[in-house]
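Trainee: One structure follows; several queries about it will come next.
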Amino acid sequence: MRYYNQAWDLIDKSGRTPDDDRRLLTLAMASRALWGDIGADEQWITGDWQVAHVAALTGHAGLSLDFASAAYERATKADVPLWLKASTCEGLARAHAVAGHDAERDAWVLKAKELLGQVDDADDRAVIEGQLATIDG
């Protein structure tokens with residue numbers, strides 16, 4: 001959990017340097033590797049999502065698409081909360097945005113919003129809606 005939280009501290013940092021970005025990517029990968037050893041579906045999905053998010057923020061479109069796709073695929077097969085499935089759609093939208101795939105970005109934003117319409121918890125919806133609002137396009 002420490003690596004995951006440290007990554008979020010850097011995600012939220014304004015004016016990240018190239019060294020910060022490398023550290024950010026390293027932390028996200030370390031978190032995912034740790035959860036790969038001790039977690040279950042929800043942690044693996046969240047870890048893949050975070051790597052995809054960080055890769056998108058740092059301009060690594062291919063890496064972002066790979067991890068966002070893995071998160072979505074696992075989420076569609078696992079018994080996880082609906083908000084997490086919506087989050088993986090947000091991750092795919094962000095990955096496609098950084099890759100310059102406008103139509104795919106828009107389709108995944110729409111899919112995420114459709115799923116969010118079925119999420120009862122307002123706080124869970126607000127988190128994903130806030131993330132969707134930061135996707136360029």
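Residue numbers start at 1 in each chain; chains themselves are named A, B, ... in the order of the structure tokens; ligands are numbered from 1 in the order shown.
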Hey, what's within 10 Å of Gln6 in chain A if we count only C-alpha atoms and toss same-chain stuff fewer than 3 positions away? As a list in words, please?
Mentor: Met1, Arg2, Tyr3, Asp9, Leu10, Ile11, Arg23, Leu24, Leu27, Ala28 and Ser31 of chain A
Trainee: For those residues, write C-alpha atoms to a file as a PDB file, in the first residue's frame.
Mentor:
ATOM      1  CA  MET A   1       0.000   0.000   0.000  1.00  0.00           C
ATOM      2  CA  ARG A   2       2.948   2.299   0.683  1.00  0.00           C
ATOM      3  CA  TYR A   3       4.065   2.352  -2.965  1.00  0.00           C
ATOM      4  CA  ASP A   9       1.486  11.800  -3.806  1.00  0.00           C
ATOM      5  CA  LEU A  10       3.529  12.232  -6.997  1.00  0.00           C
ATOM      6  CA  ILE A  11       0.441  12.091  -9.244  1.00  0.00           C
ATOM      7  CA  ARG A  23       9.991   7.612  -9.706  1.00  0.00           C
ATOM      8  CA  LEU A  24       6.219   7.718 -10.224  1.00  0.00           C
ATOM      9  CA  LEU A  27       6.317   3.229  -7.639  1.00  0.00           C
ATOM     10  CA  ALA A  28       3.247   2.235  -9.640  1.00  0.00           C
ATOM     11  CA  SER A  31       2.878  -1.500  -6.145  1.00  0.00           C
TER      12      SER A  31
END
Trainee: Extract, using only C-alpha atoms, all DNA, RNA and protein residues at most 6 Å from range 39-49 of chain A, discarding same-chain residues fewer than 2 positions from it, and format them as a VMD selection string.
Mentor: chain A and resid 32 35 to 36 51 to 52 67 to 68 71
Trainee: For N, CA and C atoms, I'd like the residues from the last selection saved as a tab-separated table (two decimals), in the first residue's frame.
Mentor:
chain	number	residue	atom	x	y	z
A	32	ARG	N	2.13	-2.63	-8.16
A	32	ARG	CA	1.46	-3.70	-8.93
A	32	ARG	C	2.17	-5.03	-8.71
A	35	TRP	N	1.20	-6.34	-5.23
A	35	TRP	CA	-0.17	-6.87	-5.23
A	35	TRP	C	-0.27	-8.15	-6.06
A	36	GLY	N	0.58	-8.28	-7.06
A	36	GLY	CA	0.60	-9.51	-7.84
A	36	GLY	C	0.96	-10.72	-7.00
A	51	VAL	N	-0.97	1.71	-12.93
A	51	VAL	CA	0.14	1.73	-13.88
A	51	VAL	C	-0.31	2.41	-15.18
A	52	ALA	N	-1.50	2.07	-15.66
A	52	ALA	CA	-2.03	2.70	-16.88
A	52	ALA	C	-2.17	4.20	-16.70
A	67	PHE	N	-1.75	-1.82	-19.90
A	67	PHE	CA	-2.21	-2.03	-18.54
A	67	PHE	C	-3.69	-1.69	-18.37
A	68	ALA	N	-4.18	-0.67	-19.08
A	68	ALA	CA	-5.61	-0.34	-19.01
A	68	ALA	C	-6.44	-1.49	-19.57
A	71	ALA	N	-6.51	-4.31	-17.01
A	71	ALA	CA	-7.43	-3.99	-15.91
A	71	ALA	C	-8.87	-4.21	-16.33
Trainee: Would you please work out which residue, of A:Ala93, A:Ala103, A:Val98, A:Leu82, is nearest to Leu116 in chain A when using only C-alpha atoms?
Mentor: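 Distance minimum relative to Leu116 in chain A lands on A:Leu82.
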Trainee: Just checking: using only C-alpha atoms, which residue out of A:Trp83, A:Lys13, A:Ala107, A:Gly100 ends up closest to Ala126 in chain A?
Mentor: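 Using only C-alpha atoms, the shortest distance to Ala126 in chain A belongs to A:Trp83.
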Trainee: Just asking: which residues within chain A are alpha helix (DSSP H) according to DSSP, as a ChimeraX atom specification?
Mentor: /A:2-11,18-38,41-57,61-77,82-99,102-116,122-132
Trainee: Considering only C-alpha atoms, return as a list in words whatever protein or nucleic-acid residues lie within 9 Å of Lys111 in chain A, sequence-local ones (same chain, fewer than 6 positions apart) excluded.
Mentor: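 Non-adjacent residues within range: Ala86, Cys89 and Glu90 of chain A.
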Trainee: Quick check, in Å to one decimal: how far apart do CA of Arg105 in chain A and CA of Ala7 in chain A lie?
Mentor: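 Atom-to-atom, CA of Arg105 in chain A and CA of Ala7 in chain A are spaced 24.2 Å apart.
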Trainee: Do you have the CA of Ala112 in chain A-CA of Glu129 in chain A distance handy?
Mentor: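 That distance, rounded to one decimal, is 8.8 Å.
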Trainee: May I ask for the distance between CA of Ala55 in chain A and CA of Leu25 in chain A, given in Å to one decimal place?
Mentor: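 Computing the Euclidean distance for CA of Ala55 in chain A and CA of Leu25 in chain A yields 6.8 Å.
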Trainee: Looking at only C-alpha atoms, which of A:Thr26, A:Ser14, A:Thr76, A:Thr134 is the one that sits closest to Arg94 in chain A?
Mentor: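 For Arg94 in chain A, the nearest of the candidates is A:Thr134.
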Trainee: Could you tell me which of A:Leu92, A:Leu110, A:Ile38, A:Leu84 comes closest to Ser64 in chain A if we count only C-alpha atoms?
Mentor: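 The closest residue to Ser64 in chain A is A:Leu92.
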Trainee: Have a look at A:Asp79, A:His53, A:Gly62, A:Val119 and name the one nearest to Leu132 in chain A; count only C-alpha atoms.
Mentor: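 Of A:Asp79, A:His53, A:Gly62, A:Val119, the one nearest Leu132 in chain A is A:His53, counting only C-alpha atoms.
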